[in-house]
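Chemist: Got a file for you: run_3.csv, CSV, C-alpha atoms.
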chain,number,residue,atom,x,y,z
D,7,MET,CA,19.1,-12.8,-13.2
D,8,ALA,CA,18.7,-12.6,-17.0
D,9,ALA,CA,15.3,-14.2,-16.8
D,10,VAL,CA,14.1,-11.7,-14.2
D,11,ALA,CA,15.4,-8.8,-16.3
D,12,ASP,CA,13.6,-10.2,-19.4
D,13,ARG,CA,10.3,-10.5,-17.4
D,14,LEU,CA,10.7,-7.0,-16.1
D,15,ARG,CA,11.4,-5.6,-19.6
D,16,ALA,CA,8.3,-7.4,-20.9
D,17,PHE,CA,6.3,-6.1,-18.0
D,18,ASN,CA,7.3,-2.5,-18.8
D,19,ARG,CA,6.8,-2.9,-22.5
D,20,GLU,CA,3.3,-4.3,-22.1
D,21,ARG,CA,2.3,-1.2,-20.1
D,22,ASP,CA,4.2,1.2,-22.4
D,23,TRP,CA,6.2,2.5,-19.4
D,24,GLU,CA,9.6,2.6,-21.1
D,25,GLN,CA,8.7,6.1,-22.3
D,26,PHE,CA,8.8,7.3,-18.7
D,27,HIS,CA,12.1,5.4,-17.8
D,28,THR,CA,14.6,8.2,-18.4
D,29,PRO,CA,18.0,7.6,-16.6
D,30,LYS,CA,17.3,10.6,-14.4
D,31,ASP,CA,13.8,9.4,-13.4
D,32,LEU,CA,15.1,5.9,-12.8
D,33,ALA,CA,17.9,7.1,-10.7
D,34,ILE,CA,15.5,9.2,-8.6
D,35,ALA,CA,13.1,6.2,-8.3
D,36,LEU,CA,16.0,4.1,-7.1
D,37,SER,CA,16.9,6.6,-4.4
D,38,VAL,CA,13.3,6.9,-3.3
D,39,GLU,CA,12.9,3.2,-3.0
D,40,ALA,CA,16.2,2.9,-1.1
D,41,GLY,CA,14.8,5.5,1.3
D,42,GLU,CA,11.6,3.6,1.7
D,43,LEU,CA,13.7,0.5,2.7
D,44,LEU,CA,14.5,2.4,5.9
D,45,GLU,CA,10.9,2.7,7.0
D,46,PRO,CA,10.4,-0.9,8.2
D,47,PHE,CA,13.4,-0.5,10.4
D,48,LEU,CA,12.1,2.6,12.1
D,49,TRP,CA,10.8,1.8,15.6
D,50,LYS,CA,10.4,-1.9,14.7
D,51,ARG,CA,12.4,-5.1,15.1
D,52,PRO,CA,13.6,-6.5,11.7
D,53,ASP,CA,12.5,-10.0,12.9
D,54,ASP,CA,8.9,-8.7,13.2
D,55,ALA,CA,6.8,-10.6,10.5
D,56,LEU,CA,5.2,-7.4,9.1
D,57,ALA,CA,8.5,-5.6,9.1
D,58,ARG,CA,10.1,-8.6,7.3
D,59,GLU,CA,7.4,-8.5,4.6
D,60,ALA,CA,7.9,-4.8,4.1
D,61,ILE,CA,11.7,-5.2,3.9
D,62,GLU,CA,11.3,-7.8,1.2
D,63,GLU,CA,8.9,-5.6,-0.8
D,64,GLU,CA,11.3,-2.6,-0.6
D,65,LEU,CA,14.3,-4.7,-1.4
D,66,ALA,CA,12.5,-5.9,-4.5
D,67,ASP,CA,11.6,-2.3,-5.5
D,68,VAL,CA,15.2,-1.3,-5.1
D,69,LEU,CA,16.4,-4.2,-7.3
D,70,ILE,CA,13.7,-3.5,-9.9
D,71,CYS,CA,14.8,0.1,-10.2
D,72,ALA,CA,18.4,-0.9,-10.5
D,73,ILE,CA,17.6,-3.4,-13.2
D,74,ASN,CA,15.5,-0.9,-15.1
D,75,LEU,CA,18.3,1.7,-14.9
D,76,SER,CA,20.9,-0.8,-16.0
D,77,GLN,CA,18.8,-1.8,-19.0
D,78,ARG,CA,18.2,1.8,-20.0
D,79,LEU,CA,21.9,2.6,-19.8
D,80,GLY,CA,23.1,-0.7,-21.4
D,81,VAL,CA,25.0,-1.7,-18.3
D,82,ASP,CA,25.6,-5.4,-17.7
D,83,LEU,CA,24.6,-5.3,-14.0
D,84,LEU,CA,26.1,-8.7,-13.0
D,85,ALA,CA,29.4,-7.9,-14.8
D,86,ALA,CA,29.4,-4.5,-13.0
D,87,VAL,CA,28.9,-6.2,-9.6
D,88,GLU,CA,31.7,-8.7,-10.4
D,89,ARG,CA,34.0,-5.8,-11.2
D,90,LYS,CA,33.1,-3.9,-8.1
D,91,ILE,CA,33.7,-7.0,-5.9
D,92,ALA,CA,37.1,-7.4,-7.5
D,93,ARG,CA,37.9,-3.7,-7.0
D,94,ASN,CA,36.8,-3.9,-3.3
D,95,ALA,CA,38.9,-7.0,-2.8
D,96,GLU,CA,41.9,-4.9,-3.9
D,97,ARG,CA,40.9,-1.9,-1.8
D,98,TYR,CA,40.1,-3.9,1.3
D,99,PRO,CA,42.6,-6.8,1.5
D,100,VAL,CA,41.8,-9.3,4.2
D,101,SER,CA,45.2,-8.7,5.8
D,102,LEU,CA,44.2,-5.0,6.4
D,103,ALA,CA,40.5,-5.0,6.6
D,104,ARG,CA,39.5,-8.1,8.6
D,105,GLY,CA,37.3,-7.0,11.5
D,106,ARG,CA,37.7,-3.3,10.7
D,107,ALA,CA,35.1,-0.9,9.2
D,108,ASP,CA,37.7,1.7,8.2
D,109,LYS,CA,37.6,3.2,4.7
D,110,HIS,CA,40.2,1.9,2.3
D,111,ASP,CA,42.4,5.1,2.5
D,112,VAL,CA,42.6,4.8,6.3
D,113,LEU,CA,43.5,1.1,6.1
D,114,ARG,CA,46.4,1.9,3.7
D,115,GLU,CA,47.7,4.6,6.1
D,116,GLY,CA,48.0,2.0,8.8
D,117,VAL,CA,45.8,4.0,11.2
D,118,GLU,CA,44.7,1.9,14.2
D,119,PRO,CA,41.0,0.9,14.3
D,120,GLY,CA,39.0,3.8,15.8
D,121,GLY,CA,41.9,6.1,15.4
D,122,GLU,CA,41.8,9.4,13.5
D,123,GLY,CA,43.6,10.0,10.3
Please lay out the structure from this file as structure tokens.
Modeler:
Amino acid sequence: MAAVADRLRAFNRERDWEQFHTPKDLAIALSVEAGELLEPFLWKRPDDALAREAIEEELADVLICAINLSQRLGVDLLAAVERKIARNAERYPVSLARGRADKHDVLREGVEPGGEG
């Protein structure tokens, strides 16, 4: 990941694009690219070759925006992901969450799957 981030930083510097990479604009770009990721799924099958290529392109755009934003803010993205996985493991223990899509607060209340809470 560090090598990709370094290549991306060099790519942006060579084009003098860092001046445009404010946290606000990068966050907006990330949201826009995440929205564009939905398009290949609209009215298509994800196993369709053209849809698959578009999905890969949009996923790459999302990751590029996330890397750019993390660099701009000085966030160690991999460390942040590791911390988030650890936090989610605490919030969604296997004993409560296995096979359930309920939010963590519902799991803790002991509400049955599909029940209201």
Chemist: Skipping near chain neighbours, those fewer than 2 positions away, what residues fall within 12 Å of range 55-62 of chain D using all atoms listed in the file, listed as an mmCIF file with C-alpha atoms, in the coordinates of the input?
Modeler:
data_model
loop_
_atom_site.group_PDB
_atom_site.id
_atom_site.type_symbol
_atom_site.label_atom_id
_atom_site.label_comp_id
_atom_site.auth_asym_id
_atom_site.auth_seq_id
_atom_site.Cartn_x
_atom_site.Cartn_y
_atom_site.Cartn_z
ATOM 1 C CA GLU D 39 12.900 3.200 -3.000
ATOM 2 C CA ALA D 40 16.200 2.900 -1.100
ATOM 3 C CA GLY D 41 14.800 5.500 1.300
ATOM 4 C CA GLU D 42 11.600 3.600 1.700
ATOM 5 C CA LEU D 43 13.700 0.500 2.700
ATOM 6 C CA LEU D 44 14.500 2.400 5.900
ATOM 7 C CA GLU D 45 10.900 2.700 7.000
ATOM 8 C CA PRO D 46 10.400 -0.900 8.200
ATOM 9 C CA PHE D 47 13.400 -0.500 10.400
ATOM 10 C CA LEU D 48 12.100 2.600 12.100
ATOM 11 C CA TRP D 49 10.800 1.800 15.600
ATOM 12 C CA LYS D 50 10.400 -1.900 14.700
ATOM 13 C CA ARG D 51 12.400 -5.100 15.100
ATOM 14 C CA PRO D 52 13.600 -6.500 11.700
ATOM 15 C CA ASP D 53 12.500 -10.000 12.900
ATOM 16 C CA GLU D 64 11.300 -2.600 -0.600
ATOM 17 C CA LEU D 65 14.300 -4.700 -1.400
ATOM 18 C CA ALA D 66 12.500 -5.900 -4.500
ATOM 19 C CA ASP D 67 11.600 -2.300 -5.500
ATOM 20 C CA VAL D 68 15.200 -1.300 -5.100
ATOM 21 C CA LEU D 69 16.400 -4.200 -7.300
#
Chemist: In Å, with one decimal, what is the gap from CA of Asp54 in chain D to CA of Ile70 in chain D?
Modeler: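 Between CA of Asp54 in chain D and CA of Ile70 in chain D the gap works out to 24.2 Å.
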Chemist: Record the distance separating CA of Arg89 in chain D and CA of Ala103 in chain D, expressed in Å with one decimal.
Modeler: 19.0 Å
Chemist: Within 12 Å of Ala33 in chain D, counting only C-alpha atoms, which residues qualify if same-chain residues fewer than 3 places away don't, as a list of chain:residue names?
Modeler: D:His27, D:Thr28, D:Pro29, D:Lys30, D:Leu36, D:Ser37, D:Val38, D:Glu39, D:Ala40, D:Val68, D:Leu69, D:Ile70, D:Cys71, D:Ala72, D:Ile73, D:Asn74, D:Leu75, D:Ser76, D:Arg78, D:Leu79
Chemist: Enter the distance from CA of Gln77 in chain D to CA of Ala35 in chain D, in Å, rounded to one decimal.
Modeler: 14.5 Å
Chemist: Nearest to Met7 in chain D: which of D:Leu84, D:Glu20, D:Glu63, D:Leu32 is it, counting only C-alpha atoms?
Modeler: D:Leu84
Chemist: May I have the residues within 12 Å of Ser101 in chain D as a list of chain:residue names, using all atoms listed in the file and disregarding those fewer than 4 positions away in the same chain?
Modeler: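 What passes the distance filter is D:Ala95, D:Glu96, D:Arg97, D:Gly105, D:Arg106, D:Leu113, D:Arg114, D:Gly116.
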